[in-house]
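Engineer: The following file, model19.csv, comprises CSV, C-alpha atoms:
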chain,number,residue,atom,x,y,z
A,133,MET,CA,0.0,0.0,0.0
A,134,LYS,CA,1.1,3.5,-0.7
A,135,GLN,CA,2.1,5.8,2.1
A,136,GLY,CA,-0.3,8.5,3.3
A,137,LEU,CA,-3.4,6.8,4.5
A,138,VAL,CA,-3.6,7.5,8.3
A,139,PRO,CA,-6.2,7.3,11.0
A,140,GLY,CA,-8.2,10.5,11.0
A,141,ALA,CA,-8.3,10.7,7.2
A,142,GLU,CA,-11.8,11.5,6.1
A,143,ILE,CA,-14.0,11.5,3.0
A,144,ALA,CA,-17.6,12.7,2.5
A,145,PHE,CA,-20.1,13.1,-0.2
A,146,ALA,CA,-23.9,13.8,-0.4
A,147,VAL,CA,-26.7,11.9,-2.1
A,148,THR,CA,-30.3,13.0,-2.5
A,149,VAL,CA,-32.9,10.4,-1.7
A,150,THR,CA,-35.0,9.4,-4.6
A,151,PRO,CA,-37.9,6.9,-4.9
A,152,ASP,CA,-35.7,4.2,-6.4
A,153,MET,CA,-33.9,4.1,-3.0
A,154,TYR,CA,-37.0,3.0,-1.1
A,155,PRO,CA,-37.1,-0.5,0.4
A,156,ALA,CA,-39.0,-2.7,-2.0
A,157,PHE,CA,-39.8,-6.4,-2.2
A,158,ASP,CA,-41.1,-8.1,-5.3
A,159,GLY,CA,-41.5,-4.6,-6.8
A,160,THR,CA,-43.6,-3.1,-4.0
A,161,ALA,CA,-42.2,-0.2,-2.0
A,162,ILE,CA,-42.6,-0.8,1.7
A,163,HIS,CA,-41.7,2.7,3.1
A,164,GLU,CA,-41.0,6.0,1.3
A,165,VAL,CA,-37.6,6.4,2.9
A,166,MET,CA,-34.0,5.5,2.0
A,167,SER,CA,-33.6,1.7,2.4
A,168,THR,CA,-31.0,0.1,4.6
A,169,VAL,CA,-29.5,-1.6,1.5
A,170,THR,CA,-29.1,1.8,-0.1
A,171,MET,CA,-27.6,3.3,3.0
A,172,ILE,CA,-25.1,0.5,3.4
A,173,TYR,CA,-24.2,0.8,-0.3
A,174,TYR,CA,-23.2,4.4,0.1
A,175,MET,CA,-21.3,3.7,3.3
A,176,GLU,CA,-19.3,1.0,1.5
A,177,LYS,CA,-18.7,3.5,-1.3
A,178,ALA,CA,-17.3,6.0,1.1
A,179,GLY,CA,-14.9,3.4,2.5
A,180,ARG,CA,-13.9,2.4,-1.0
A,181,GLU,CA,-13.2,6.0,-2.0
A,182,MET,CA,-11.1,6.3,1.2
A,183,ILE,CA,-8.8,3.4,0.2
A,184,VAL,CA,-8.7,3.2,-3.6
A,185,SER,CA,-6.1,5.9,-4.3
A,186,PHE,CA,-3.7,4.3,-1.7
A,187,LEU,CA,-3.7,0.8,-3.3
A,188,ASP,CA,-0.6,-0.3,-5.3
A,189,GLU,CA,-1.3,-1.5,-8.8
A,190,GLU,CA,-1.1,-5.1,-7.8
A,191,GLU,CA,-3.4,-4.7,-4.8
A,192,GLU,CA,-7.1,-4.6,-4.4
A,193,ALA,CA,-9.5,-4.2,-1.4
A,194,SER,CA,-12.8,-5.8,-0.6
A,195,GLY,CA,-15.4,-5.5,2.1
A,196,LEU,CA,-14.6,-7.8,5.0
A,197,ALA,CA,-17.0,-6.7,7.7
A,198,LEU,CA,-19.8,-4.3,8.4
A,199,ASP,CA,-21.3,-3.4,11.7
A,200,ILE,CA,-24.0,-0.9,10.9
A,201,LYS,CA,-27.1,0.4,12.6
A,202,HIS,CA,-29.9,2.1,10.6
A,203,ILE,CA,-31.0,4.7,13.2
A,204,GLY,CA,-33.4,7.1,11.5
A,205,PRO,CA,-35.2,7.8,8.2
A,206,ALA,CA,-34.3,9.9,5.2
A,207,VAL,CA,-37.3,10.9,2.9
A,208,ALA,CA,-37.3,11.7,-0.8
A,209,GLY,CA,-35.7,15.0,-1.5
A,210,GLN,CA,-33.5,15.0,1.6
A,211,GLU,CA,-29.8,15.2,1.1
A,212,VAL,CA,-27.8,12.5,3.0
A,213,THR,CA,-24.1,13.1,3.7
A,214,PHE,CA,-22.1,9.9,3.9
A,215,ARG,CA,-18.8,10.1,5.7
A,216,ALA,CA,-15.9,7.6,6.2
A,217,VAL,CA,-13.2,8.3,8.8
A,218,CYS,CA,-10.2,6.0,8.8
A,219,VAL,CA,-9.7,4.7,12.3
A,220,GLU,CA,-7.2,1.9,11.6
A,221,VAL,CA,-4.9,1.0,8.7
A,222,GLY,CA,-2.5,-1.8,8.3
A,223,ALA,CA,-0.9,-4.0,5.6
A,224,LYS,CA,-3.9,-6.3,5.3
A,225,ARG,CA,-6.9,-4.2,6.4
A,226,MET,CA,-8.4,-0.8,6.9
A,227,VAL,CA,-11.3,0.1,9.2
A,228,CYS,CA,-13.5,3.2,8.8
A,229,GLU,CA,-16.2,4.6,11.0
A,230,VAL,CA,-19.0,5.4,8.6
A,231,THR,CA,-22.0,7.7,9.1
A,232,ALA,CA,-25.0,8.8,7.1
A,233,GLU,CA,-26.8,11.9,8.2
A,234,THR,CA,-29.2,14.6,7.0
A,235,ARG,CA,-29.2,18.2,8.3
A,236,ILE,CA,-32.0,17.1,10.6
A,237,ASN,CA,-31.0,13.6,11.9
A,238,LEU,CA,-28.6,10.8,12.0
A,239,VAL,CA,-29.6,8.1,9.6
A,240,GLY,CA,-27.0,5.5,10.3
A,241,LYS,CA,-23.6,4.7,11.8
A,242,GLY,CA,-21.1,1.9,12.2
A,243,THR,CA,-17.8,0.5,11.0
A,244,PHE,CA,-16.7,-0.9,7.7
A,245,THR,CA,-13.6,-3.1,7.4
A,246,GLN,CA,-11.9,-3.7,4.1
A,247,ALA,CA,-9.4,-6.5,3.5
A,248,ILE,CA,-6.3,-5.6,1.3
A,249,PHE,CA,-4.9,-8.3,-0.9
A,250,TYR,CA,-2.9,-9.0,-4.0
A,251,LYS,CA,-5.0,-9.3,-7.1
A,252,ASN,CA,-3.2,-12.4,-8.3
A,253,THR,CA,-3.9,-14.2,-5.0
A,254,MET,CA,-7.6,-13.4,-5.2
A,255,ALA,CA,-7.7,-14.5,-8.8
A,256,GLU,CA,-6.2,-17.9,-7.9
A,257,ARG,CA,-8.7,-18.3,-5.0
A,258,LEU,CA,-11.6,-17.5,-7.3
A,259,THR,CA,-10.5,-19.9,-10.0
A,260,ALA,CA,-10.2,-22.7,-7.4
A,261,LEU,CA,-13.7,-21.8,-6.1
A,262,ARG,CA,-15.2,-21.8,-9.6
A,263,ARG,CA,-13.8,-25.2,-10.2
A,264,LYS,CA,-15.3,-26.6,-7.0
A,265,ALA,CA,-18.6,-25.0,-7.8
A,266,GLU,CA,-18.6,-26.5,-11.3
A,267,GLU,CA,-17.7,-30.0,-9.8
A,268,GLU,CA,-20.6,-29.6,-7.3
A,269,GLN,CA,-23.0,-28.7,-10.1
A,270,LYS,CA,-22.0,-31.8,-12.1
A,271,LEU,CA,-22.7,-34.0,-9.0
A,272,SER,CA,-26.2,-32.5,-8.5
Render the structure in this file as structure tokens.
Structural biologist:
Amino acid sequence: MKQGLVPGAEIAFAVTVTPDMYPAFDGTAIHEVMSTVTMIYYMEKAGREMIVSFLDEEEEASGLALDIKHIGPAVAGQEVTFRAVCVEVGAKRMVCEVTAETRINLVGKGTFTQAIFYKNTMAERLTALRRKAEEEQKLS
């Protein structure tokens, strides 16, 4: 990993809630608020934006753990600010505190941990997994 990513580093961006962000199952919207799935997507995106410029060419990062609480609603038209603050960085992982908030209320908070690995190592693992999955399908 490149030098420069340190605890305390922060990134933030805002997203306006739209109807396509509502929680929906089988095409039916349940509530007219930002869904938990959408909130977590943008929290992960904030963490990704935090780390991506510090990865070496042969490295990649991937979500490893989420510990998130969806605390309050955000309705259509509200702007939600997503923030990631690096709290831990090492050779194999980075941890961010992530928040989602409007000007009125806290929408969500928690931590997002990303694993850092070499691209070729992950490619080898995925190839082996695909082979096992193909073998399993042949046996079914």
Engineer: For Asp199 (chain A), which of A:Phe145, A:Phe244, A:Tyr174, A:Phe214 is the closest residue, counting all atoms listed in the file?
Structural biologist: A:Phe244
Engineer: In Å, with one decimal, what is the gap from CA of Tyr173 (chain A) to CA of Glu229 (chain A)?
Structural biologist: 14.4 Å
Engineer: Using all atoms listed in the file, tabulate the residues of region 142-185 of chain A lying at most 12 Å from any atom of region 193-196 of chain A, each with its closest atom pair and that distance in Å to one decimal, by chain and increasing residue number, as CSV.
Structural biologist:
residue,atom,partner,partner_atom,distance
A:Ile172,CA,A:Gly195,CA,11.5
A:Tyr173,CA,A:Gly195,CA,11.1
A:Met175,CA,A:Gly195,CA,11.0
A:Glu176,CA,A:Gly195,CA,7.6
A:Lys177,CA,A:Gly195,CA,10.2
A:Ala178,CA,A:Gly195,CA,11.7
A:Gly179,CA,A:Gly195,CA,8.9
A:Arg180,CA,A:Ala193,CA,7.9
A:Glu181,CA,A:Ala193,CA,10.9
A:Met182,CA,A:Ala193,CA,10.9
A:Ile183,CA,A:Ala193,CA,7.8
A:Val184,CA,A:Ala193,CA,7.8
A:Ser185,CA,A:Ala193,CA,11.0
Engineer: If we count all atoms listed in the file and set the cut-off at 10 Å, which residues sit around Thr231 (chain A), ignoring sequence neighbours fewer than 6 positions away in its own chain? Please answer as an NGL selection string.
Structural biologist: :A and (144 or 171-172 or 174-175 or 178 or 200-202 or 212-217 or 238-243)
Engineer: Atoms to include: C-alpha atoms. Write the selected residues as a compact mmCIF listing (two decimals), in the coordinates of the input.
Structural biologist:
# COMPACT_ATOMS: atom_id res chain seq x y z
CA ALA A 144 -17.60 12.70 2.50
CA MET A 171 -27.60 3.30 3.00
CA ILE A 172 -25.10 0.50 3.40
CA TYR A 174 -23.20 4.40 0.10
CA MET A 175 -21.30 3.70 3.30
CA ALA A 178 -17.30 6.00 1.10
CA ILE A 200 -24.00 -0.90 10.90
CA LYS A 201 -27.10 0.40 12.60
CA HIS A 202 -29.90 2.10 10.60
CA VAL A 212 -27.80 12.50 3.00
CA THR A 213 -24.10 13.10 3.70
CA PHE A 214 -22.10 9.90 3.90
CA ARG A 215 -18.80 10.10 5.70
CA ALA A 216 -15.90 7.60 6.20
CA VAL A 217 -13.20 8.30 8.80
CA LEU A 238 -28.60 10.80 12.00
CA VAL A 239 -29.60 8.10 9.60
CA GLY A 240 -27.00 5.50 10.30
CA LYS A 241 -23.60 4.70 11.80
CA GLY A 242 -21.10 1.90 12.20
CA THR A 243 -17.80 0.50 11.00
Engineer: Return the single residue from A:Ile236, A:Phe186, A:Cys228, A:Met153 that is closest to Gly136 (chain A), with distances computed using only C-alpha atoms.
Structural biologist: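 Smallest distance to Gly136 (chain A) is found for A:Phe186.
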Engineer: Let me make sure I understand: among A:Glu191, A:Val165, A:Pro139, A:Pro155, which one has the smallest atom-to-atom distance to Ala255 (chain A) if we use only C-alpha atoms?
Structural biologist: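 Among the listed residues, the smallest separation from Ala255 (chain A) belongs to A:Glu191.
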Engineer: May I ask which of the residues A:Ala265, A:Val227, A:Ala197, A:Leu187 is the closest one to Lys251 (chain A), counting all atoms listed in the file?
Structural biologist: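 Result for the nearest residue to Lys251 (chain A): A:Leu187.
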Engineer: Fix up region 162-178 of chain A with N, CA, C and O atoms, then write it as an mmCIF file, in the frame of the given file.
Structural biologist:
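File produced: part-v9.cif:
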data_model
loop_
_atom_site.group_PDB
_atom_site.id
_atom_site.type_symbol
_atom_site.label_atom_id
_atom_site.label_comp_id
_atom_site.auth_asym_id
_atom_site.auth_seq_id
_atom_site.Cartn_x
_atom_site.Cartn_y
_atom_site.Cartn_z
ATOM 1 N N ILE A 162 -42.065 -0.550 0.378
ATOM 2 C CA ILE A 162 -42.600 -0.800 1.700
ATOM 3 C C ILE A 162 -42.726 0.545 2.484
ATOM 4 O O ILE A 162 -43.726 0.784 3.143
ATOM 5 N N HIS A 163 -41.705 1.383 2.407
ATOM 6 C CA HIS A 163 -41.700 2.700 3.100
ATOM 7 C C HIS A 163 -41.132 3.699 2.101
ATOM 8 O O HIS A 163 -40.279 3.365 1.295
ATOM 9 N N GLU A 164 -41.538 4.933 2.219
ATOM 10 C CA GLU A 164 -41.000 6.000 1.300
ATOM 11 C C GLU A 164 -39.836 6.691 2.014
ATOM 12 O O GLU A 164 -39.870 7.893 2.291
ATOM 13 N N VAL A 165 -38.796 5.898 2.286
ATOM 14 C CA VAL A 165 -37.600 6.400 2.900
ATOM 15 C C VAL A 165 -36.380 5.649 2.260
ATOM 16 O O VAL A 165 -36.557 4.648 1.573
ATOM 17 N N MET A 166 -35.165 6.143 2.522
ATOM 18 C CA MET A 166 -34.000 5.500 2.000
ATOM 19 C C MET A 166 -33.882 4.086 2.700
ATOM 20 O O MET A 166 -33.971 3.974 3.926
ATOM 21 N N SER A 167 -33.704 3.056 1.891
ATOM 22 C CA SER A 167 -33.600 1.700 2.400
ATOM 23 C C SER A 167 -32.274 1.474 3.125
ATOM 24 O O SER A 167 -31.285 2.169 2.871
ATOM 25 N N THR A 168 -32.257 0.477 3.980
ATOM 26 C CA THR A 168 -31.000 0.100 4.600
ATOM 27 C C THR A 168 -29.995 -0.371 3.606
ATOM 28 O O THR A 168 -28.815 -0.049 3.708
ATOM 29 N N VAL A 169 -30.444 -1.105 2.605
ATOM 30 C CA VAL A 169 -29.500 -1.600 1.500
ATOM 31 C C VAL A 169 -28.870 -0.400 0.853
ATOM 32 O O VAL A 169 -27.658 -0.402 0.628
ATOM 33 N N THR A 170 -29.634 0.627 0.524
ATOM 34 C CA THR A 170 -29.100 1.800 -0.100
ATOM 35 C C THR A 170 -28.089 2.520 0.792
ATOM 36 O O THR A 170 -26.999 2.922 0.368
ATOM 37 N N MET A 171 -28.465 2.683 2.045
ATOM 38 C CA MET A 171 -27.600 3.300 3.000
ATOM 39 C C MET A 171 -26.248 2.612 3.109
ATOM 40 O O MET A 171 -25.176 3.226 3.051
ATOM 41 N N ILE A 172 -26.308 1.301 3.234
ATOM 42 C CA ILE A 172 -25.100 0.500 3.400
ATOM 43 C C ILE A 172 -24.246 0.599 2.082
ATOM 44 O O ILE A 172 -23.020 0.684 2.134
ATOM 45 N N TYR A 173 -24.905 0.603 0.920
ATOM 46 C CA TYR A 173 -24.200 0.800 -0.300
ATOM 47 C C TYR A 173 -23.315 2.011 -0.320
ATOM 48 O O TYR A 173 -22.125 1.975 -0.647
ATOM 49 N N TYR A 174 -23.913 3.130 0.066
ATOM 50 C CA TYR A 174 -23.200 4.400 0.100
ATOM 51 C C TYR A 174 -22.128 4.439 1.187
ATOM 52 O O TYR A 174 -21.078 5.074 1.030
ATOM 53 N N MET A 175 -22.366 3.759 2.300
ATOM 54 C CA MET A 175 -21.300 3.700 3.300
ATOM 55 C C MET A 175 -20.132 2.896 2.823
ATOM 56 O O MET A 175 -18.987 3.294 3.032
ATOM 57 N N GLU A 176 -20.399 1.791 2.124
ATOM 58 C CA GLU A 176 -19.300 1.000 1.500
ATOM 59 C C GLU A 176 -18.581 1.856 0.468
ATOM 60 O O GLU A 176 -17.356 1.808 0.361
ATOM 61 N N LYS A 177 -19.343 2.608 -0.316
ATOM 62 C CA LYS A 177 -18.700 3.500 -1.300
ATOM 63 C C LYS A 177 -17.798 4.483 -0.708
ATOM 64 O O LYS A 177 -16.704 4.734 -1.224
ATOM 65 N N ALA A 178 -18.204 5.067 0.404
ATOM 66 C CA ALA A 178 -17.300 6.000 1.100
ATOM 67 C C ALA A 178 -16.044 5.365 1.536
ATOM 68 O O ALA A 178 -14.952 5.921 1.357
#
